[in-house]
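Trainee: This is target21.cif, which holds mmCIF, C-alpha atoms:
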```
data_model
#
loop_
_atom_site.group_PDB
_atom_site.id
_atom_site.type_symbol
_atom_site.label_atom_id
_atom_site.label_comp_id
_atom_site.auth_asym_id
_atom_site.auth_seq_id
_atom_site.Cartn_x
_atom_site.Cartn_y
_atom_site.Cartn_z
ATOM 1 C CA MET A 37 3.559 -51.213 -14.459
ATOM 2 C CA THR A 38 0.285 -51.638 -16.317
ATOM 3 C CA GLY A 39 -2.866 -49.578 -16.505
ATOM 4 C CA ILE A 40 -3.320 -45.825 -16.682
ATOM 5 C CA SER A 41 -1.088 -43.783 -14.413
ATOM 6 C CA THR A 42 -2.517 -41.085 -12.158
ATOM 7 C CA PRO A 43 -1.290 -38.207 -14.384
ATOM 8 C CA GLU A 44 -2.777 -39.910 -17.440
ATOM 9 C CA GLN A 45 -6.071 -40.504 -15.623
ATOM 10 C CA GLN A 46 -6.108 -36.816 -14.758
ATOM 11 C CA GLN A 47 -5.690 -35.971 -18.435
ATOM 12 C CA VAL A 48 -8.500 -38.354 -19.354
ATOM 13 C CA ASP A 49 -10.786 -36.879 -16.690
ATOM 14 C CA ALA A 50 -10.046 -33.327 -17.843
ATOM 15 C CA ALA A 51 -10.780 -34.230 -21.465
ATOM 16 C CA ASN A 52 -14.029 -35.947 -20.529
ATOM 17 C CA ARG A 53 -15.148 -32.982 -18.413
ATOM 18 C CA SER A 54 -14.422 -30.560 -21.245
ATOM 19 C CA GLY A 55 -16.847 -32.145 -23.697
ATOM 20 C CA LYS A 56 -14.388 -31.258 -26.452
ATOM 21 C CA VAL A 57 -12.922 -33.531 -29.097
ATOM 22 C CA PRO A 58 -9.828 -35.115 -27.529
ATOM 23 C CA VAL A 59 -6.488 -35.278 -29.310
ATOM 24 C CA VAL A 60 -4.050 -37.953 -28.114
ATOM 25 C CA PHE A 61 -0.357 -37.362 -28.854
ATOM 26 C CA VAL A 62 2.008 -40.343 -29.109
ATOM 27 C CA HIS A 63 5.746 -39.776 -28.805
ATOM 28 C CA GLY A 64 8.389 -41.993 -30.340
ATOM 29 C CA LEU A 65 11.737 -43.389 -29.298
ATOM 30 C CA TRP A 66 14.302 -41.113 -27.612
ATOM 31 C CA LEU A 67 11.636 -38.599 -26.563
ATOM 32 C CA LEU A 68 9.117 -38.162 -23.713
ATOM 33 C CA PRO A 69 5.539 -36.776 -23.600
ATOM 34 C CA SER A 70 6.946 -33.323 -22.796
ATOM 35 C CA SER A 71 8.080 -33.129 -26.422
ATOM 36 C CA TRP A 72 4.411 -32.390 -27.240
ATOM 37 C CA ASP A 73 3.931 -29.479 -24.816
ATOM 38 C CA ARG A 74 3.867 -26.769 -27.495
ATOM 39 C CA TRP A 75 1.648 -28.887 -29.737
ATOM 40 C CA ARG A 76 -0.828 -29.372 -26.929
ATOM 41 C CA ALA A 77 -1.045 -25.633 -26.379
ATOM 42 C CA ARG A 78 -1.584 -25.040 -30.113
ATOM 43 C CA PHE A 79 -4.389 -27.617 -30.331
ATOM 44 C CA GLU A 80 -6.014 -26.408 -27.110
ATOM 45 C CA GLU A 81 -6.059 -22.866 -28.480
ATOM 46 C CA ALA A 82 -7.991 -24.325 -31.432
ATOM 47 C CA GLY A 83 -10.614 -25.765 -29.076
ATOM 48 C CA PHE A 84 -9.503 -29.352 -28.533
ATOM 49 C CA ALA A 85 -8.819 -31.241 -25.311
ATOM 50 C CA THR A 86 -5.349 -32.783 -25.430
ATOM 51 C CA LEU A 87 -3.579 -35.719 -23.829
ATOM 52 C CA ALA A 88 0.054 -36.814 -24.069
ATOM 53 C CA PRO A 89 0.263 -40.168 -22.292
ATOM 54 C CA GLY A 90 3.656 -41.706 -21.725
ATOM 55 C CA TRP A 91 4.779 -45.126 -22.779
ATOM 56 C CA PRO A 92 4.453 -47.597 -19.878
ATOM 57 C CA ASP A 93 6.747 -46.556 -17.002
ATOM 58 C CA ASP A 94 8.007 -43.392 -18.728
ATOM 59 C CA PRO A 95 9.889 -41.208 -16.221
ATOM 60 C CA ASN A 96 8.427 -37.752 -15.678
ATOM 61 C CA THR A 97 11.438 -35.746 -16.839
ATOM 62 C CA VAL A 98 14.393 -35.980 -19.189
ATOM 63 C CA ALA A 99 16.749 -35.786 -16.198
ATOM 64 C CA GLU A 100 15.032 -38.743 -14.520
ATOM 65 C CA ALA A 101 15.069 -40.750 -17.753
ATOM 66 C CA ASN A 102 18.774 -40.187 -18.264
ATOM 67 C CA ALA A 103 19.519 -41.006 -14.613
ATOM 68 C CA GLU A 104 17.457 -44.235 -14.615
ATOM 69 C CA PRO A 105 17.429 -45.552 -18.189
ATOM 70 C CA ASP A 106 16.401 -49.086 -17.196
ATOM 71 C CA ALA A 107 12.835 -47.829 -16.688
ATOM 72 C CA LEU A 108 12.646 -47.324 -20.459
ATOM 73 C CA ALA A 109 13.861 -50.803 -21.429
ATOM 74 C CA HIS A 110 11.819 -53.854 -22.465
ATOM 75 C CA LYS A 111 8.895 -51.940 -24.006
ATOM 76 C CA THR A 112 7.491 -53.532 -27.161
ATOM 77 C CA VAL A 113 5.332 -52.101 -29.920
ATOM 78 C CA GLY A 114 2.404 -54.230 -28.769
ATOM 79 C CA GLN A 115 2.701 -53.188 -25.130
ATOM 80 C CA VAL A 116 2.779 -49.515 -26.063
ATOM 81 C CA ALA A 117 -0.169 -49.825 -28.447
ATOM 82 C CA ASP A 118 -2.215 -51.664 -25.820
ATOM 83 C CA HIS A 119 -1.338 -49.010 -23.239
ATOM 84 C CA PHE A 120 -2.592 -46.223 -25.485
ATOM 85 C CA GLU A 121 -5.692 -48.235 -26.357
ATOM 86 C CA GLU A 122 -6.507 -48.504 -22.652
ATOM 87 C CA THR A 123 -6.180 -44.748 -22.289
ATOM 88 C CA ILE A 124 -8.316 -44.067 -25.367
ATOM 89 C CA ARG A 125 -11.062 -46.426 -24.197
ATOM 90 C CA ALA A 126 -11.301 -44.399 -20.975
ATOM 91 C CA LEU A 127 -12.296 -41.333 -23.025
ATOM 92 C CA ASP A 128 -15.950 -40.497 -23.560
ATOM 93 C CA ARG A 129 -15.336 -39.550 -27.184
ATOM 94 C CA LYS A 130 -13.264 -41.142 -29.914
ATOM 95 C CA PRO A 131 -10.132 -38.981 -30.249
ATOM 96 C CA ALA A 132 -7.919 -37.721 -32.975
ATOM 97 C CA VAL A 133 -4.498 -39.369 -32.650
ATOM 98 C CA VAL A 134 -1.219 -37.714 -33.650
ATOM 99 C CA GLY A 135 2.112 -39.546 -33.435
ATOM 100 C CA HIS A 136 5.742 -39.079 -34.422
ATOM 101 C CA SER A 137 8.258 -41.731 -35.499
ATOM 102 C CA PHE A 138 7.450 -44.922 -33.558
ATOM 103 C CA GLY A 139 4.546 -42.901 -32.222
ATOM 104 C CA GLY A 140 3.441 -42.616 -35.851
ATOM 105 C CA LEU A 141 3.500 -46.395 -36.126
ATOM 106 C CA ILE A 142 1.512 -46.690 -32.888
ATOM 107 C CA THR A 143 -0.929 -44.108 -34.273
ATOM 108 C CA GLN A 144 -1.552 -46.279 -37.332
ATOM 109 C CA ILE A 145 -1.971 -49.391 -35.191
ATOM 110 C CA LEU A 146 -4.574 -47.591 -33.062
ATOM 111 C CA ALA A 147 -6.371 -46.277 -36.149
ATOM 112 C CA GLY A 148 -6.325 -49.802 -37.570
ATOM 113 C CA ARG A 149 -8.086 -50.940 -34.399
ATOM 114 C CA GLY A 150 -10.852 -48.423 -35.093
ATOM 115 C CA LEU A 151 -9.911 -46.224 -32.126
ATOM 116 C CA ALA A 152 -9.234 -42.926 -33.920
ATOM 117 C CA GLN A 153 -11.692 -40.411 -35.301
ATOM 118 C CA VAL A 154 -8.853 -39.076 -37.472
ATOM 119 C CA SER A 155 -5.106 -39.650 -37.281
ATOM 120 C CA VAL A 156 -1.821 -38.049 -38.301
ATOM 121 C CA ALA A 157 1.382 -40.110 -38.520
ATOM 122 C CA ILE A 158 4.523 -37.952 -38.733
ATOM 123 C CA ASP A 159 7.664 -39.622 -40.126
ATOM 124 C CA PRO A 160 6.201 -42.971 -39.005
ATOM 125 C CA ALA A 161 8.335 -46.042 -38.336
ATOM 126 C CA PRO A 162 7.650 -48.830 -40.835
ATOM 127 C CA PHE A 163 5.261 -51.718 -40.327
ATOM 128 C CA ARG A 164 5.008 -55.186 -41.874
ATOM 129 C CA GLY A 165 4.644 -54.828 -45.641
ATOM 130 C CA VAL A 166 6.654 -51.606 -45.861
ATOM 131 C CA LEU A 167 9.750 -52.790 -47.712
ATOM 132 C CA PRO A 168 12.216 -49.954 -48.433
ATOM 133 C CA LEU A 169 15.323 -49.834 -46.227
ATOM 134 C CA PRO A 170 17.292 -46.733 -47.265
ATOM 135 C CA VAL A 171 20.911 -46.484 -46.144
ATOM 136 C CA SER A 172 20.216 -43.413 -43.993
ATOM 137 C CA ALA A 173 17.500 -45.292 -42.087
ATOM 138 C CA LEU A 174 19.848 -48.187 -41.413
ATOM 139 C CA LYS A 175 22.566 -45.793 -40.241
ATOM 140 C CA SER A 176 20.098 -43.994 -37.954
ATOM 141 C CA ALA A 177 19.060 -47.301 -36.383
ATOM 142 C CA SER A 178 22.589 -48.718 -36.157
ATOM 143 C CA PRO A 179 23.255 -47.499 -32.587
ATOM 144 C CA VAL A 180 20.621 -50.032 -31.507
ATOM 145 C CA LEU A 181 20.595 -52.676 -34.222
ATOM 146 C CA GLY A 182 24.393 -52.909 -34.323
ATOM 147 C CA ASN A 183 24.414 -54.882 -31.069
ATOM 148 C CA PRO A 184 21.900 -57.734 -30.542
ATOM 149 C CA ALA A 185 22.212 -57.278 -26.773
ATOM 150 C CA ASN A 186 20.453 -53.936 -27.170
ATOM 151 C CA TYR A 187 17.182 -55.817 -27.679
ATOM 152 C CA SER A 188 16.785 -55.940 -23.899
ATOM 153 C CA ARG A 189 18.322 -52.571 -23.101
ATOM 154 C CA ALA A 190 17.456 -48.907 -23.060
ATOM 155 C CA VAL A 191 19.904 -47.330 -25.490
ATOM 156 C CA PRO A 192 20.907 -43.647 -25.416
ATOM 157 C CA LEU A 193 22.114 -41.762 -28.468
ATOM 158 C CA THR A 194 25.370 -39.881 -28.368
ATOM 159 C CA TYR A 195 25.146 -36.278 -29.522
ATOM 160 C CA GLU A 196 26.705 -37.233 -32.867
ATOM 161 C CA GLN A 197 24.156 -40.025 -33.357
ATOM 162 C CA PHE A 198 21.290 -37.670 -32.449
ATOM 163 C CA ARG A 199 22.698 -35.056 -34.824
ATOM 164 C CA TYR A 200 22.524 -37.530 -37.709
ATOM 165 C CA ALA A 201 19.237 -39.257 -36.875
ATOM 166 C CA PHE A 202 17.194 -36.291 -35.649
ATOM 167 C CA ALA A 203 18.875 -32.917 -35.996
ATOM 168 C CA ASN A 204 20.571 -33.003 -39.404
ATOM 169 C CA GLU A 205 18.581 -30.022 -40.725
ATOM 170 C CA VAL A 206 19.194 -27.520 -37.926
ATOM 171 C CA ASP A 207 22.362 -25.622 -37.031
ATOM 172 C CA GLU A 208 24.861 -26.836 -34.458
ATOM 173 C CA ASP A 209 23.581 -24.653 -31.625
ATOM 174 C CA GLU A 210 19.999 -25.770 -32.075
ATOM 175 C CA ALA A 211 21.007 -29.405 -32.451
ATOM 176 C CA ARG A 212 22.834 -29.273 -29.151
ATOM 177 C CA GLN A 213 19.890 -27.520 -27.476
ATOM 178 C CA LEU A 214 17.455 -30.151 -28.766
ATOM 179 C CA TYR A 215 19.713 -32.958 -27.562
ATOM 180 C CA ASP A 216 20.072 -31.468 -24.080
ATOM 181 C CA THR A 217 16.350 -30.653 -23.801
ATOM 182 C CA TYR A 218 14.657 -33.724 -25.250
ATOM 183 C CA ALA A 219 16.905 -36.760 -25.781
ATOM 184 C CA VAL A 220 16.451 -39.781 -23.511
ATOM 185 C CA PRO A 221 17.400 -43.481 -23.812
ATOM 186 C CA ALA A 222 15.007 -45.679 -25.781
ATOM 187 C CA SER A 223 13.879 -49.280 -25.582
ATOM 188 C CA GLY A 224 15.736 -51.350 -28.146
ATOM 189 C CA LYS A 225 12.907 -53.823 -28.730
ATOM 190 C CA PRO A 226 10.715 -51.705 -31.067
ATOM 191 C CA LEU A 227 13.594 -51.117 -33.491
ATOM 192 C CA PHE A 228 14.336 -54.838 -33.673
ATOM 193 C CA GLN A 229 10.616 -55.514 -34.136
ATOM 194 C CA ALA A 230 10.369 -53.055 -37.020
ATOM 195 C CA ALA A 231 13.586 -54.315 -38.597
ATOM 196 C CA THR A 232 12.327 -57.915 -38.644
ATOM 197 C CA ALA A 233 8.641 -57.214 -39.315
ATOM 198 C CA ASN A 234 8.721 -58.538 -42.861
ATOM 199 C CA LEU A 235 10.341 -61.779 -41.689
ATOM 200 C CA ASN A 236 7.936 -62.451 -38.828
ATOM 201 C CA PRO A 237 4.262 -63.148 -39.625
ATOM 202 C CA TRP A 238 3.443 -62.753 -35.926
ATOM 203 C CA THR A 239 5.161 -59.398 -35.504
ATOM 204 C CA GLU A 240 3.574 -56.725 -33.328
ATOM 205 C CA ALA A 241 4.773 -54.133 -35.869
ATOM 206 C CA LYS A 242 1.776 -54.632 -38.141
ATOM 207 C CA VAL A 243 -1.160 -52.431 -39.070
ATOM 208 C CA ASN A 244 -4.715 -53.299 -40.112
ATOM 209 C CA SER A 245 -4.742 -50.776 -42.941
ATOM 210 C CA LYS A 246 -7.973 -52.089 -44.462
ATOM 211 C CA ASN A 247 -10.266 -51.640 -41.450
ATOM 212 C CA PRO A 248 -13.237 -49.541 -42.677
ATOM 213 C CA ASP A 249 -13.338 -47.921 -39.233
ATOM 214 C CA ARG A 250 -9.763 -46.671 -39.572
ATOM 215 C CA GLY A 251 -10.860 -43.090 -40.260
ATOM 216 C CA PRO A 252 -9.025 -40.396 -42.260
ATOM 217 C CA LEU A 253 -5.236 -40.606 -42.110
ATOM 218 C CA LEU A 254 -2.521 -38.111 -42.983
ATOM 219 C CA ILE A 255 1.129 -39.151 -43.257
ATOM 220 C CA VAL A 256 3.619 -36.299 -42.881
ATOM 221 C CA SER A 257 7.160 -36.738 -44.190
ATOM 222 C CA GLY A 258 10.152 -34.498 -43.582
ATOM 223 C CA GLU A 259 11.978 -34.081 -46.895
ATOM 224 C CA LYS A 260 15.447 -34.449 -45.347
ATOM 225 C CA ASP A 261 14.602 -37.062 -42.693
ATOM 226 C CA HIS A 262 17.408 -39.597 -42.279
ATOM 227 C CA THR A 263 15.521 -41.892 -39.893
ATOM 228 C CA VAL A 264 12.263 -42.216 -41.866
ATOM 229 C CA PRO A 265 13.051 -41.039 -45.392
ATOM 230 C CA TRP A 266 10.396 -40.373 -48.018
ATOM 231 C CA ALA A 267 10.768 -43.924 -49.396
ATOM 232 C CA ILE A 268 9.515 -45.382 -46.103
ATOM 233 C CA ALA A 269 6.775 -42.798 -45.539
ATOM 234 C CA ASN A 270 5.519 -43.158 -49.108
ATOM 235 C CA ALA A 271 5.532 -46.955 -48.891
ATOM 236 C CA SER A 272 3.403 -46.678 -45.734
ATOM 237 C CA TYR A 273 1.060 -44.337 -47.606
ATOM 238 C CA LYS A 274 0.720 -46.776 -50.493
ATOM 239 C CA LYS A 275 -0.249 -49.541 -48.081
ATOM 240 C CA GLN A 276 -2.714 -47.276 -46.272
ATOM 241 C CA ARG A 277 -4.426 -45.847 -49.347
ATOM 242 C CA ARG A 278 -6.058 -49.246 -49.939
ATOM 243 C CA ASN A 279 -8.408 -48.171 -47.150
ATOM 244 C CA GLN A 280 -11.800 -46.783 -48.157
ATOM 245 C CA GLY A 281 -11.218 -43.755 -45.932
ATOM 246 C CA VAL A 282 -9.364 -40.571 -46.809
ATOM 247 C CA THR A 283 -5.607 -41.209 -46.985
ATOM 248 C CA GLU A 284 -3.189 -38.376 -47.725
ATOM 249 C CA ILE A 285 0.537 -37.708 -47.597
ATOM 250 C CA VAL A 286 2.399 -34.417 -47.455
ATOM 251 C CA GLU A 287 6.113 -33.673 -47.554
ATOM 252 C CA ILE A 288 7.464 -30.789 -45.479
ATOM 253 C CA PRO A 289 10.401 -29.268 -47.394
ATOM 254 C CA GLY A 290 13.823 -29.084 -45.800
ATOM 255 C CA ARG A 291 12.921 -30.836 -42.558
ATOM 256 C CA GLY A 292 14.615 -33.636 -40.651
ATOM 257 C CA HIS A 293 13.343 -36.070 -38.017
ATOM 258 C CA SER A 294 13.337 -33.315 -35.381
ATOM 259 C CA LEU A 295 10.498 -31.556 -37.222
ATOM 260 C CA THR A 296 8.100 -31.895 -34.261
ATOM 261 C CA ILE A 297 10.483 -30.303 -31.740
ATOM 262 C CA ASP A 298 12.767 -27.910 -33.619
ATOM 263 C CA HIS A 299 12.250 -24.249 -34.553
ATOM 264 C CA GLY A 300 9.841 -25.200 -37.355
ATOM 265 C CA TRP A 301 7.511 -27.292 -35.201
ATOM 266 C CA GLY A 302 4.644 -24.808 -35.694
ATOM 267 C CA GLN A 303 4.419 -25.436 -39.435
ATOM 268 C CA VAL A 304 4.102 -29.163 -38.854
ATOM 269 C CA ALA A 305 1.624 -28.686 -36.002
ATOM 270 C CA ASP A 306 -0.544 -26.429 -38.172
ATOM 271 C CA THR A 307 -0.471 -29.002 -40.989
ATOM 272 C CA ALA A 308 -1.665 -31.686 -38.578
ATOM 273 C CA LEU A 309 -4.205 -29.367 -36.964
ATOM 274 C CA ALA A 310 -5.774 -28.417 -40.287
ATOM 275 C CA PHE A 311 -6.223 -32.092 -41.184
ATOM 276 C CA VAL A 312 -7.759 -32.916 -37.795
ATOM 277 C CA GLN A 313 -10.114 -29.939 -38.070
ATOM 278 C CA ARG A 314 -11.367 -31.160 -41.477
ATOM 279 C CA PHE A 315 -12.721 -34.337 -39.915
ATOM 280 C CA THR A 316 -13.972 -33.286 -36.496
ATOM 281 C CA ALA A 317 -17.232 -31.532 -35.724
ATOM 282 C CA PRO A 318 -16.628 -27.745 -35.513
ATOM 283 C CA ALA A 319 -19.154 -27.315 -32.711
ATOM 284 C CA ALA A 320 -17.354 -29.888 -30.582
ATOM 285 C CA ALA A 321 -13.902 -28.584 -31.415
ATOM 286 C CA GLY A 322 -14.425 -25.061 -30.236
#
```
Would you give me this structure, written as structure tokens?

Mentor:
Amino acid sequence: MTGISTPEQQQVDAANRSGKVPVVFVHGLWLLPSSWDRWRARFEEAGFATLAPGWPDDPNTVAEANAEPDALAHKTVGQVADHFEETIRALDRKPAVVGHSFGGLITQILAGRGLAQVSVAIDPAPFRGVLPLPVSALKSASPVLGNPANYSRAVPLTYEQFRYAFANEVDEDEARQLYDTYAVPASGKPLFQAATANLNPWTEAKVNSKNPDRGPLLIVSGEKDHTVPWAIANASYKKQRRNQGVTEIVEIPGRGHSLTIDHGWGQVADTALAFVQRFTAPAAAG
């Protein structure tokens, strides 16, 4: 499927009717747009119009995604970025863009295309030129990268794999609740693309970090993140700070990769919200 789905078009229409600054949320692998529901409410309370488009062909619910995982396969970084660009270009106003994990990589790609008024990349997946490969990141990616056949599959995480990659900084009960509520299979292709980005000059996992129209960018790093440790987030920041625009990084103490969905999501949302508010017109934002 290509183009904007009916639910996404409805979100675009609602944002355009509102006249408010839109905020586009971009989810990453193993999650769906519903992972942003509480964030959307928080930003709407602050006077923004929000959208949480899916990746192409995303099922509507976690149950549907787990029942029909093939719908999630075969998606590439470039396809997802182009899909979000199409949605953004249907908006009347340039949005803020907020993304997590591979959604944080997509956020930076969109900002590098000059499509974001301001952007926040939370524990973002690495792009070409980001060199560190910490052991914990390799272990987190191993359920996919350990089998080359996964390139063309949608790969689920077992609970133990999710516990390590996402939920290492919450207790057992919460980890299980997060897994049951949010976890879905993920396309293997983006992980292979990111893993080989520095070997492939034509990779889709690349960011135009020098575009003067990139806009202000904040990178948020969870201190205890196994999947995107500080070394990766900080290397992304160092590449991005070559831009003439505002580039900042903040570390959230004691947080893992589940920082956007676990009990401490509000702290991270407020950090992102404050940055977005600094660079959007107050009159338009509420």

Trainee: So that I can check the surroundings of Asp106 of chain A, please list as a list in words every protein, DNA and RNA residue that reaches within 12 Å of it, counting all atoms listed in the file and ignoring chain neighbours fewer than 4 positions away.

Mentor: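 Counting only the stated atoms, we get Asp93, Asp94, Pro95, Glu100, Ala101, Asn102, His110, Lys111, Asn186, Ser188, Arg189, Ala190, Val191, Pro192, Val220, Pro221, Ala222, Ser223 and Gly224 of chain A.
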
Trainee: Would you kindly translate the PyMOL selection byres ((chain A and resi 197) around 12) into the concrete residues it picks from this file, as an mmCIF file with C-alpha atoms, keeping the file's coordinate frame?

Mentor:
```
data_model
loop_
_atom_site.group_PDB
_atom_site.id
_atom_site.type_symbol
_atom_site.label_atom_id
_atom_site.label_comp_id
_atom_site.auth_asym_id
_atom_site.auth_seq_id
_atom_site.Cartn_x
_atom_site.Cartn_y
_atom_site.Cartn_z
ATOM 1 C CA TRP A 66 14.302 -41.113 -27.612
ATOM 2 C CA SER A 172 20.216 -43.413 -43.993
ATOM 3 C CA LYS A 175 22.566 -45.793 -40.241
ATOM 4 C CA SER A 176 20.098 -43.994 -37.954
ATOM 5 C CA ALA A 177 19.060 -47.301 -36.383
ATOM 6 C CA SER A 178 22.589 -48.718 -36.157
ATOM 7 C CA PRO A 179 23.255 -47.499 -32.587
ATOM 8 C CA VAL A 180 20.621 -50.032 -31.507
ATOM 9 C CA VAL A 191 19.904 -47.330 -25.490
ATOM 10 C CA PRO A 192 20.907 -43.647 -25.416
ATOM 11 C CA LEU A 193 22.114 -41.762 -28.468
ATOM 12 C CA THR A 194 25.370 -39.881 -28.368
ATOM 13 C CA TYR A 195 25.146 -36.278 -29.522
ATOM 14 C CA GLU A 196 26.705 -37.233 -32.867
ATOM 15 C CA PHE A 198 21.290 -37.670 -32.449
ATOM 16 C CA ARG A 199 22.698 -35.056 -34.824
ATOM 17 C CA TYR A 200 22.524 -37.530 -37.709
ATOM 18 C CA ALA A 201 19.237 -39.257 -36.875
ATOM 19 C CA PHE A 202 17.194 -36.291 -35.649
ATOM 20 C CA ALA A 203 18.875 -32.917 -35.996
ATOM 21 C CA ASN A 204 20.571 -33.003 -39.404
ATOM 22 C CA ALA A 211 21.007 -29.405 -32.451
ATOM 23 C CA ARG A 212 22.834 -29.273 -29.151
ATOM 24 C CA TYR A 215 19.713 -32.958 -27.562
ATOM 25 C CA ALA A 219 16.905 -36.760 -25.781
ATOM 26 C CA HIS A 262 17.408 -39.597 -42.279
ATOM 27 C CA THR A 263 15.521 -41.892 -39.893
#
```

Trainee: Which residues are close to Pro237 of chain A, i.e. within 12 Å by all atoms listed in the file, leaving aside same-chain residues fewer than 4 positions away? Reply as a ChimeraX atom specification.

Mentor: /A:163-165,229,232-233,241-242

Trainee: Since we have the selection now, will you write its residues out, keeping C-alpha atoms, as a CSV table (one decimal), keeping the file's coordinate frame?

Mentor:
```csv
chain,number,residue,atom,x,y,z
A,163,PHE,CA,5.3,-51.7,-40.3
A,164,ARG,CA,5.0,-55.2,-41.9
A,165,GLY,CA,4.6,-54.8,-45.6
A,229,GLN,CA,10.6,-55.5,-34.1
A,232,THR,CA,12.3,-57.9,-38.6
A,233,ALA,CA,8.6,-57.2,-39.3
A,241,ALA,CA,4.8,-54.1,-35.9
A,242,LYS,CA,1.8,-54.6,-38.1
```

Trainee: Counting all atoms listed in the file, which of A:Leu67, A:Ala85, A:Ala173, A:Val282 gets nearest to Gln47 of chain A?

Mentor: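 Looking at the shortest contact to Gln47 of chain A, the residue is A:Ala85.
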
Trainee: Could you name the residues that touch segment 244-248 of chain A at 6 Å or less, counting all atoms listed in the file, but leaving out those on the same chain fewer than 3 positions away, as a PyMOL selection string?

Mentor: chain A and resi 148+276+279

Trainee: Within 12 Å of segment 302-312 of chain A, which residues of segment 109-148 of chain A come that close, and what is the closest atom pair and distance in Å for each? Count only C-alpha atoms and give it as CSV.

Mentor:
```
residue,atom,partner,partner_atom,distance
A:Pro131,CA,A:Val312,CA,10.0
A:Ala132,CA,A:Val312,CA,6.8
A:Val133,CA,A:Val312,CA,8.9
A:Val134,CA,A:Ala308,CA,7.8
A:Gly135,CA,A:Ala308,CA,10.1
A:His136,CA,A:Val304,CA,11.0
```

Trainee: Complete segment 105-121 of chain A with N, CA and C atoms (output as a short mmCIF file (atom, residue, chain, number, x, y, z; two decimals), in the frame of the given file).

Mentor:
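After the write, part_15.cif holds the following:
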```cif
data_model
loop_
_atom_site.label_atom_id
_atom_site.label_comp_id
_atom_site.auth_asym_id
_atom_site.auth_seq_id
_atom_site.Cartn_x
_atom_site.Cartn_y
_atom_site.Cartn_z
N PRO A 105 17.85 -45.10 -16.86
CA PRO A 105 17.43 -45.55 -18.19
C PRO A 105 16.73 -46.91 -18.19
N ASP A 106 17.00 -47.75 -17.19
CA ASP A 106 16.40 -49.09 -17.20
C ASP A 106 14.88 -49.05 -17.20
N ALA A 107 14.29 -47.95 -16.69
CA ALA A 107 12.84 -47.83 -16.69
C ALA A 107 12.26 -47.81 -18.10
N LEU A 108 13.11 -47.44 -19.07
CA LEU A 108 12.65 -47.32 -20.46
C LEU A 108 12.85 -48.60 -21.26
N ALA A 109 13.54 -49.57 -20.69
CA ALA A 109 13.86 -50.80 -21.43
C ALA A 109 12.65 -51.74 -21.50
N HIS A 110 12.76 -52.72 -22.39
CA HIS A 110 11.82 -53.85 -22.46
C HIS A 110 10.44 -53.50 -23.00
N LYS A 111 10.21 -52.28 -23.47
CA LYS A 111 8.90 -51.94 -24.01
C LYS A 111 8.79 -52.39 -25.46
N THR A 112 7.70 -53.07 -25.79
CA THR A 112 7.49 -53.53 -27.16
C THR A 112 6.41 -52.70 -27.84
N VAL A 113 6.36 -52.81 -29.16
CA VAL A 113 5.33 -52.10 -29.92
C VAL A 113 3.94 -52.49 -29.43
N GLY A 114 3.72 -53.78 -29.21
CA GLY A 114 2.40 -54.23 -28.77
C GLY A 114 2.03 -53.71 -27.40
N GLN A 115 2.98 -53.70 -26.47
CA GLN A 115 2.70 -53.19 -25.13
C GLN A 115 2.32 -51.71 -25.18
N VAL A 116 3.04 -50.95 -25.98
CA VAL A 116 2.78 -49.52 -26.06
C VAL A 116 1.42 -49.26 -26.71
N ALA A 117 1.13 -49.99 -27.79
CA ALA A 117 -0.17 -49.82 -28.45
C ALA A 117 -1.32 -50.19 -27.50
N ASP A 118 -1.17 -51.26 -26.76
CA ASP A 118 -2.22 -51.66 -25.82
C ASP A 118 -2.39 -50.63 -24.71
N HIS A 119 -1.29 -50.04 -24.28
CA HIS A 119 -1.34 -49.01 -23.24
C HIS A 119 -2.13 -47.79 -23.73
N PHE A 120 -1.85 -47.37 -24.95
CA PHE A 120 -2.59 -46.22 -25.48
C PHE A 120 -4.05 -46.59 -25.76
N GLU A 121 -4.30 -47.82 -26.17
CA GLU A 121 -5.69 -48.24 -26.36
C GLU A 121 -6.46 -48.15 -25.04
#
```
